[in-house]
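Working notes, beginning with the structure itself.
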Amino acid sequence: MLKKLLCCSFLLIPFQLQAAGPASQSSDGPVNWTIKASWVLPAKPLDFVQSLDNKKVFILTEDAAVHVFTAEGKKLGKVPVDPGVSAIDIAPRGEMLYLLNDQASSYTAMDISFNQQIDLTGAPILGKEDAPVTIVAFSDFQCPYCIRIAPELTKLQTTHPDMVRIAFKHLPLTRIHPQAEPAARAAIAAQKQGRFWEMHDALFALDESAWTQADAIETAAKKAGLDMARFVTDWNSEETRMKLAKDIMDAQNADVNATPSLFVNGKPAQDRSSEALGKMIAEARATAQLQPSADRATSPEEQ
């Protein structure tokens with residue numbers, strides 16, 4: 001089990017030694033060690049797991065809660081559990097938590113997700129800038145699942161024009177989609193002419209056979225009505241490449257490694273059905289009405 005893989009980390013994570021402080025080093029003969037992080041817990045620990053990417057630590061404590069920390073000890077939150085839960089396990093990226101309850105003789109599996117603050121500076125926006133609900137889509141123009149979700153997102157925005165806006169973030173999966181990176185740069189070049197969404201639609205309209213043609217992206221650019229001389233210059237510019245690199249870095253910071261990945265006011269959408277997204281929109285709107293508008297920390301360029 002994964003627990004066996006993680007148990008070796010137990011010696012690396014000091015739980016309740018002292019308050020967090022600078023790393024210390026020591027040695028005893030041929031053995032050397034370094035304390036990387038140490039922090040005091042809110043209650044006595046019973047069990048712990050760590051995600052295989054070493055980004056998150058989940059500690060089960062006797063106060064019937066799983067406390068979630070970064071590997072550096074920053075508290076991310078806690079998950080309440082039933083009394084009697086005595087053991088936990090975790091999926092590799094921390095997306096599933098597994099609980100054993102010795103009082104109820106039960107096993108429980110639960111989804112775990114984390115809200116994200118995603119920088120939308122310079123991102124193309126479909127909808128009103130002051131809409132209370134923002135759906136952020138990390139997407140790849142050659143991804144078949146992105147092709148399917150794109151019209152659904154547009155429909156959600158047109159159905160709720162005063163409530164919802166769509167923010168597009170590029171995440172070309174170049175290992176499996178060789179044309180995704182140049183397509184992303186092409187869309188950024190189109191955005192410079194104020195025609196991102198026209199290029200967005202033209203690129204997503206390309207079928208699988210069209211992507212094998214050398215001039216597929218240029219054909220889409222002409223369909224989007226772009227100034228082709230300016231397009232070619234912007235398509236290959238360093239500024240365009242840097243903007244794409246920022247989106248890719250934003251994806252990494254938000255723990256995104258697949259497309260399409262959607263966030264509704266920062267909350268990951270694990271179910272991308274229209275019904276589930278509609279429910280998330282309603283919940284996000286209700287929450288947004290309770291918060292000052294200044295709390296919506298985005299600075300988009302509406303295109």
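Letters A, B, ... go to the chains of the structure tokens in the order shown; residues in each chain start at 1; ligands are counted from 1 in the same order.
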
I need the residues in region 199-283 of chain A that are strand (DSSP E) according to DSSP; give them as a ChimeraX atom specification. /A:261-264,267-268

Would you pick out the contacts of region 186-197 of chain A at 10 Å or less, using only C-alpha atoms, so that residues sharing its chain but fewer than 3 positions from it are not included, and give the list as an MDAnalysis selection string? chainID A and resid 122:126 141 168 170 180:183 200:203 217:218 220:221 224:228 230:237 239:241 243:244 301:303

Need to verify the contact set: region 85-92 of chain A, 10 Å, only C-alpha atoms, exclusion of same-chain residues closer than 4 positions in sequence. Can you return it as a PyMOL selection string? chain A and resi 1-4+6+45-54+57-62+64-66+81+96-112

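Residues surrounding region 246-254 of chain A within 9 Å are Phe114, Asn115, Gln116, Gln117, Ile118, Asp119, Ala123, Phe138, Lys169, His170, Leu171, Pro172 and Arg241 of chain A [only C-alpha atoms; sequence separation below 5 positions excluded].
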
The selected residues should be written to file as a tab-separated table (two decimals), in the first residue's frame (atoms: N, CA and C atoms).
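File out-v3.tsv, as written:
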chain	number	residue	atom	x	y	z
A	114	PHE	N	-8.10	21.83	-2.95
A	114	PHE	CA	-7.63	23.06	-2.33
A	114	PHE	C	-7.97	24.25	-3.21
A	115	ASN	N	-8.59	25.27	-2.63
A	115	ASN	CA	-8.86	26.50	-3.36
A	115	ASN	C	-7.54	27.16	-3.75
A	116	GLN	N	-7.54	27.84	-4.89
A	116	GLN	CA	-6.32	28.44	-5.41
A	116	GLN	C	-6.54	29.92	-5.72
A	117	GLN	N	-5.51	30.70	-5.47
A	117	GLN	CA	-5.48	32.10	-5.91
A	117	GLN	C	-4.73	32.13	-7.24
A	118	ILE	N	-5.43	32.41	-8.31
A	118	ILE	CA	-4.85	32.36	-9.65
A	118	ILE	C	-4.75	33.77	-10.21
A	119	ASP	N	-3.56	34.16	-10.59
A	119	ASP	CA	-3.33	35.50	-11.14
A	119	ASP	C	-3.94	35.58	-12.54
A	123	ALA	N	-5.02	37.96	-18.60
A	123	ALA	CA	-5.76	36.82	-19.15
A	123	ALA	C	-6.96	37.31	-19.96
A	138	PHE	N	-7.89	26.28	-17.45
A	138	PHE	CA	-6.58	25.95	-18.00
A	138	PHE	C	-6.82	24.99	-19.15
A	169	LYS	N	-6.65	30.39	-19.41
A	169	LYS	CA	-5.23	30.25	-19.12
A	169	LYS	C	-4.67	29.11	-19.98
A	170	HIS	N	-3.50	29.34	-20.55
A	170	HIS	CA	-2.89	28.37	-21.46
A	170	HIS	C	-2.11	27.31	-20.69
A	171	LEU	N	-2.30	26.05	-21.06
A	171	LEU	CA	-1.47	24.97	-20.55
A	171	LEU	C	-1.29	23.92	-21.65
A	172	PRO	N	-0.42	24.21	-22.63
A	172	PRO	CA	-0.20	23.24	-23.72
A	172	PRO	C	0.55	22.01	-23.22
A	241	ARG	N	6.18	34.45	-25.89
A	241	ARG	CA	6.70	33.25	-25.22
A	241	ARG	C	6.73	33.45	-23.70

According to DSSP computed on the backbone, where in region 7-156 of chain A is there helix (DSSP H, G or I)? Give the residues as a PyMOL selection string. chain A and resi 7-12+144-156

With N, CA and C atoms kept, could you save the residues just selected as an mmCIF file, in the first residue's frame?
data_model
loop_
_atom_site.group_PDB
_atom_site.id
_atom_site.type_symbol
_atom_site.label_atom_id
_atom_site.label_comp_id
_atom_site.auth_asym_id
_atom_site.auth_seq_id
_atom_site.Cartn_x
_atom_site.Cartn_y
_atom_site.Cartn_z
ATOM 1 N N CYS A 7 5.819 5.521 4.895
ATOM 2 C CA CYS A 7 6.225 5.383 6.279
ATOM 3 C C CYS A 7 7.674 5.779 6.480
ATOM 4 N N CYS A 8 8.512 5.638 5.433
ATOM 5 C CA CYS A 8 9.904 6.026 5.570
ATOM 6 C C CYS A 8 10.040 7.521 5.774
ATOM 7 N N SER A 9 8.997 8.291 5.390
ATOM 8 C CA SER A 9 9.046 9.732 5.595
ATOM 9 C C SER A 9 8.824 10.101 7.054
ATOM 10 N N PHE A 10 8.355 9.162 7.859
ATOM 11 C CA PHE A 10 8.034 9.464 9.250
ATOM 12 C C PHE A 10 9.244 10.025 9.980
ATOM 13 N N LEU A 11 10.423 9.486 9.691
ATOM 14 C CA LEU A 11 11.628 9.932 10.357
ATOM 15 C C LEU A 11 12.068 11.305 9.876
ATOM 16 N N LEU A 12 11.514 11.738 8.750
ATOM 17 C CA LEU A 12 11.925 13.017 8.176
ATOM 18 C C LEU A 12 11.049 14.165 8.630
ATOM 19 N N PRO A 144 -8.686 17.004 -26.885
ATOM 20 C CA PRO A 144 -10.073 16.705 -27.266
ATOM 21 C C PRO A 144 -11.082 17.013 -26.165
ATOM 22 N N TYR A 145 -10.676 16.871 -24.911
ATOM 23 C CA TYR A 145 -11.597 17.165 -23.805
ATOM 24 C C TYR A 145 -11.805 18.677 -23.663
ATOM 25 N N CYS A 146 -10.750 19.456 -23.965
ATOM 26 C CA CYS A 146 -10.891 20.914 -23.956
ATOM 27 C C CYS A 146 -11.822 21.370 -25.070
ATOM 28 N N ILE A 147 -11.733 20.691 -26.212
ATOM 29 C CA ILE A 147 -12.609 21.020 -27.338
ATOM 30 C C ILE A 147 -14.069 20.831 -26.951
ATOM 31 N N ARG A 148 -14.336 19.777 -26.189
ATOM 32 C CA ARG A 148 -15.715 19.486 -25.793
ATOM 33 C C ARG A 148 -16.237 20.467 -24.745
ATOM 34 N N ILE A 149 -15.361 20.893 -23.821
ATOM 35 C CA ILE A 149 -15.832 21.743 -22.719
ATOM 36 C C ILE A 149 -15.954 23.200 -23.140
ATOM 37 N N ALA A 150 -15.203 23.632 -24.170
ATOM 38 C CA ALA A 150 -15.190 25.050 -24.555
ATOM 39 C C ALA A 150 -16.587 25.595 -24.853
ATOM 40 N N PRO A 151 -17.414 24.928 -25.697
ATOM 41 C CA PRO A 151 -18.757 25.484 -25.953
ATOM 42 C C PRO A 151 -19.654 25.449 -24.723
ATOM 43 N N GLU A 152 -19.425 24.502 -23.819
ATOM 44 C CA GLU A 152 -20.219 24.446 -22.585
ATOM 45 C C GLU A 152 -19.920 25.647 -21.696
ATOM 46 N N LEU A 153 -18.662 26.045 -21.651
ATOM 47 C CA LEU A 153 -18.302 27.222 -20.859
ATOM 48 C C LEU A 153 -18.892 28.489 -21.462
ATOM 49 N N THR A 154 -18.824 28.580 -22.785
ATOM 50 C CA THR A 154 -19.419 29.742 -23.448
ATOM 51 C C THR A 154 -20.919 29.804 -23.185
ATOM 52 N N LYS A 155 -21.568 28.648 -23.209
ATOM 53 C CA LYS A 155 -23.003 28.592 -22.941
ATOM 54 C C LYS A 155 -23.317 29.022 -21.514
ATOM 55 N N LEU A 156 -22.490 28.602 -20.565
ATOM 56 C CA LEU A 156 -22.702 29.011 -19.170
ATOM 57 C C LEU A 156 -22.607 30.534 -19.042
#

Can you work out the spacing between CA of Ala184 (chain A) and CA of Met242 (chain A) in Å, to one decimal? 11.8 Å

Enter the distance from CA of Leu262 (chain A) to CA of Ala137 (chain A), in Å, rounded to one decimal. 4.7 Å

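Taking CA of Ile281 (chain A) and CA of Lys56 (chain A) as endpoints, the distance between them is 27.9 Å.
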
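Using only C-alpha atoms for every distance, the candidate list A:Val68, A:Val31, A:Val164, A:Leu120 yields A:Val164 as the residue closest to Met280 (chain A).
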
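Nearest to Phe204 (chain A) of all the residues A:Leu76, A:Ile176, A:Cys143, A:Ala286 is A:Cys143, based on only C-alpha atoms.
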